[in-house]
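Below is one structure, written out as structure tokens; the observations come after it.
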Amino acid sequence: MAKDITVKLELSKEQGAQVERILKAKLKLLEDNIEAIVKKEVIPHLIDLVMDNYDKLSERMDMLAADDPTNPANWRGVFKAKLEQEATDTFIFDRASGIIKVNLGEKSFLGYSGEDTDSDTPLVWMVYYIEGLTGSYAWITKDMWQEVFPDGQWDEAWGRFKNAPGFMMSGGDFFKRTNRAGKPNLFRDKLKWTEIRHPFSAFSPLDIFTEALNELNIRPFISKAVKAALAGKKL
Amino acid sequence: MTATLAKLEDMSLQHWLKEVILPIKWTERVVNNPLTYSPERERFEADITWFPNFMQDGRGWVYFEAVTSGTCIPNSPPTAEQTTQVEVRNAGGGVIDPSNYTVNYKDGAIIASGGTTTPDGVPTEVDYSQYYVSLLDAWPGVDPPDAPIIAVEMGKYRKQGRQLGGGRKAIRNFTIHIFATSSSERDDLTEWIYDSFFQRHIPVVDYRDGEPLNYDGTFNSSYTGDLLTLDNNDDALFYFDDIRAEPININFGEMDDINRFRSKITLTAFSYRDGIDFNAL
């Protein structure tokens, strides 16, 4: 493509001012169109790509009970709404530099921060699925715990959801636990680990955001915005 | 069997970490370790006195001489079996000549030339260097070895033509997952591995005639470590770019867990090859 071409036009002062106004208006229309297409089409498309990758977790979801709080199928709508809200809240178009910025998948809501969160934000569980979880884990409920440890020792603070009905624990850690009298736990007599083992344990990472970004092709959207601007059409 | 460039490049990266990078700082010297004869396996086995256990997946004993830091030249990966890392002694403390035994580096065992003894006496003690870090070629899975672990995964890759002439550029994505025993160890290991890729390239070694260790853990005496030579008689090289390191904080509350101190390094590795034939070598 040719660059740095200088064209000299012989115009009157009035004609020059008119051309300048036309060019400024055209440029503004182009910028408006780009902003509009990014907001209306690119970001929803990117969110759809993230959700497509989110749904790839489904083969693992199928092994979880429908009412299991760690089942991402239960949070699909919440997750998508959160992404859409983030896109709205963080969208920046710096017209001087031509840079568009938008943050999707901010890490604290995905559970990367060390702090526990309340029970209505189960999305903190996403970190385990995005980054993978090596080893063998089970979702231990209070009932299960009390079956194995009849003398108690259940701690409401365990886990990542406040007031959650259970928490995640590794097999090694669980087997090492003793009861109040220091006796080994009765796990093997009461429950089979294979029956309570979390289907996501030992699964490798699935970075749904990077995968989506790799699949995103923004060029056709920008071409559409440019063509519309050339035709004087506002998107 | 067909060998492709992808396989040899993936193997070369893993061997390079295992045989060049980790022995510089991430091995442990164990001395005066008692040997016990196992009649079932017909070998002298070292007691596991240090943890993590060298018998675990991805560990074992060091089988090359450690490359001295600062001389980590990409074109000279080690080829000859160690001569100073393992020392076997008899009951009187005399050193048994290495020609009188074979080392099983995977299991940490000595196979004496005379079965239960050697011309220099019965092996009773051994000194060796063991891998502190387990290096795995895939995601650790259900039953991982103890931390620290480095797991190397080759991910998506693609190829593109050169701008001029025939030939292809292969662009491969790698993720290196690090599992440590503490946050400080995670930081050390992560930066160590990061720096081992930063502004570097490695030669691709021709493993078509075998790897340094045999399947049974003994050293492959026919191993030459020859570099892979491509169609144009150039050595095959593997370049690294866009290396990123990221600690991963996964909260397990009060639970002690292998996933607690993690990080990952992602990088793009690329190589060039002439010709337009299939990628079989």
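Just remember, in the structure tokens the first chain shown is A, the second B, etc., residues are 1-based per chain, and ligands are 1-based in the order shown.
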Check which residues of chain A sit at most 6 Å from chain B using only C-alpha atoms, and return one row each with the closest pair of atoms and their distance in Å to one decimal, ordered by chain and rising number, as a tab-separated table.
residue	atom	partner	partner_atom	distance
A:Tyr112	CA	B:Asn249	CA	5.7
A:Gly114	CA	B:Asn251	CA	5.3
A:Thr134	CA	B:Gly141	CA	5.2
A:Gly135	CA	B:Val142	CA	4.3
A:Ser136	CA	B:Val142	CA	5.2
A:Ala202	CA	B:Gly141	CA	4.4
From segment 136-228 of chain A, collect each residue whose DSSP state is helix (DSSP H, G or I) and return the set as an mmCIF file with C-alpha atoms, in the first residue's frame.
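Final file, result.cif:
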data_model
loop_
_atom_site.group_PDB
_atom_site.id
_atom_site.type_symbol
_atom_site.label_atom_id
_atom_site.label_comp_id
_atom_site.auth_asym_id
_atom_site.auth_seq_id
_atom_site.Cartn_x
_atom_site.Cartn_y
_atom_site.Cartn_z
ATOM 1 C CA LYS A 142 -20.709 -31.954 55.901
ATOM 2 C CA ASP A 143 -22.688 -35.212 55.845
ATOM 3 C CA MET A 144 -19.773 -37.094 54.290
ATOM 4 C CA TRP A 145 -17.352 -35.610 56.737
ATOM 5 C CA GLN A 146 -19.465 -36.562 59.716
ATOM 6 C CA GLU A 147 -19.873 -40.074 58.410
ATOM 7 C CA VAL A 148 -16.103 -40.514 58.341
ATOM 8 C CA GLY A 171 -7.166 -37.522 48.761
ATOM 9 C CA GLY A 172 -3.757 -37.414 50.411
ATOM 10 C CA ASP A 173 -4.861 -34.774 52.853
ATOM 11 C CA PHE A 174 -8.084 -36.605 53.612
ATOM 12 C CA PHE A 175 -6.366 -39.920 54.299
ATOM 13 C CA LYS A 176 -3.889 -38.233 56.618
ATOM 14 C CA PHE A 187 -12.930 -43.408 55.160
ATOM 15 C CA ARG A 188 -12.236 -46.779 53.599
ATOM 16 C CA ASP A 189 -14.999 -48.427 55.589
ATOM 17 C CA LYS A 190 -17.562 -45.724 54.986
ATOM 18 C CA TRP A 193 -12.934 -42.380 47.118
ATOM 19 C CA THR A 194 -13.710 -43.204 43.500
ATOM 20 C CA GLU A 195 -17.371 -42.501 44.226
ATOM 21 C CA ILE A 196 -16.804 -39.032 45.597
ATOM 22 C CA ILE A 208 -10.948 -20.313 27.793
ATOM 23 C CA PHE A 209 -9.857 -16.673 27.378
ATOM 24 C CA THR A 210 -6.613 -17.269 25.489
ATOM 25 C CA GLU A 211 -8.328 -19.799 23.249
ATOM 26 C CA ALA A 212 -11.041 -17.261 22.433
ATOM 27 C CA LEU A 213 -8.530 -14.511 21.703
ATOM 28 C CA ASN A 214 -6.618 -16.833 19.382
ATOM 29 C CA GLU A 215 -9.827 -17.488 17.476
ATOM 30 C CA ARG A 219 -10.172 -7.571 10.474
ATOM 31 C CA PRO A 220 -13.616 -8.210 8.854
ATOM 32 C CA PHE A 221 -15.312 -6.045 11.478
ATOM 33 C CA ILE A 222 -12.964 -3.115 10.897
ATOM 34 C CA SER A 223 -13.370 -3.480 7.121
ATOM 35 C CA LYS A 224 -17.126 -3.273 7.587
ATOM 36 C CA ALA A 225 -16.768 -0.083 9.659
ATOM 37 C CA VAL A 226 -14.478 1.497 7.054
ATOM 38 C CA LYS A 227 -16.762 0.581 4.142
ATOM 39 C CA ALA A 228 -19.771 2.034 5.938
#
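DSSP secondary structure from the backbone places Tyr137, Ala138, Trp139, Ile140, Thr141, Phe161, Gly166, Phe167, Met168, Met169, Ser170, Thr178, Pro184 and Arg197 of chain A of segment 129-219 of chain A in strand (DSSP E or B).
Shortest atom-to-atom contact with Asp241 of chain B among B:Ile171, B:Thr27, B:Pro119, B:Thr124: B:Ile171, counting only C-alpha atoms.
Each of A:Ile218, A:Tyr129, A:Leu11, A:Gly98 was compared to Leu30 of chain A using only C-alpha atoms, and A:Gly98 turns out to be the nearest.
Using only C-alpha atoms, the shortest contact distance between Ser58 of chain A and any of A:Asn71, A:Thr88, A:Asn103, A:Thr141 is found at A:Asn71.
Taking atom CA of Ile178 of chain B as the reference point, atom CA of Tyr239 of chain B is found at 21.4 Å.
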Selected residue, from A:Glu20, A:Asp68, A:Asp4, A:Glu84, that lies nearest to Met51 of chain A when counting only C-alpha atoms: A:Glu84
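Taking only C-alpha atoms into account, Ile48 of chain B lies nearest to B:Gly108 out of the set B:Gly225, B:Gly108, B:Gly210, B:Gly161.
Those residues that approach Phe44 of chain B to within 9 Å, counting only C-alpha atoms, are Leu35, Thr36, Tyr37, Ser38, Pro39, Arg41, Gly108, Ala109, Ile110, Ile111, Ala112, Thr116, Pro123 and Thr124 of chain B; same-chain residues fewer than 3 positions away are not listed.
Pairwise distance (atom CA of Ser182 of chain B, atom CA of Asp146 of chain B) equals 12.5 Å.
Between atom CA of Thr84 of chain B and atom CA of Pro34 of chain B there is a distance of 18.3 Å.
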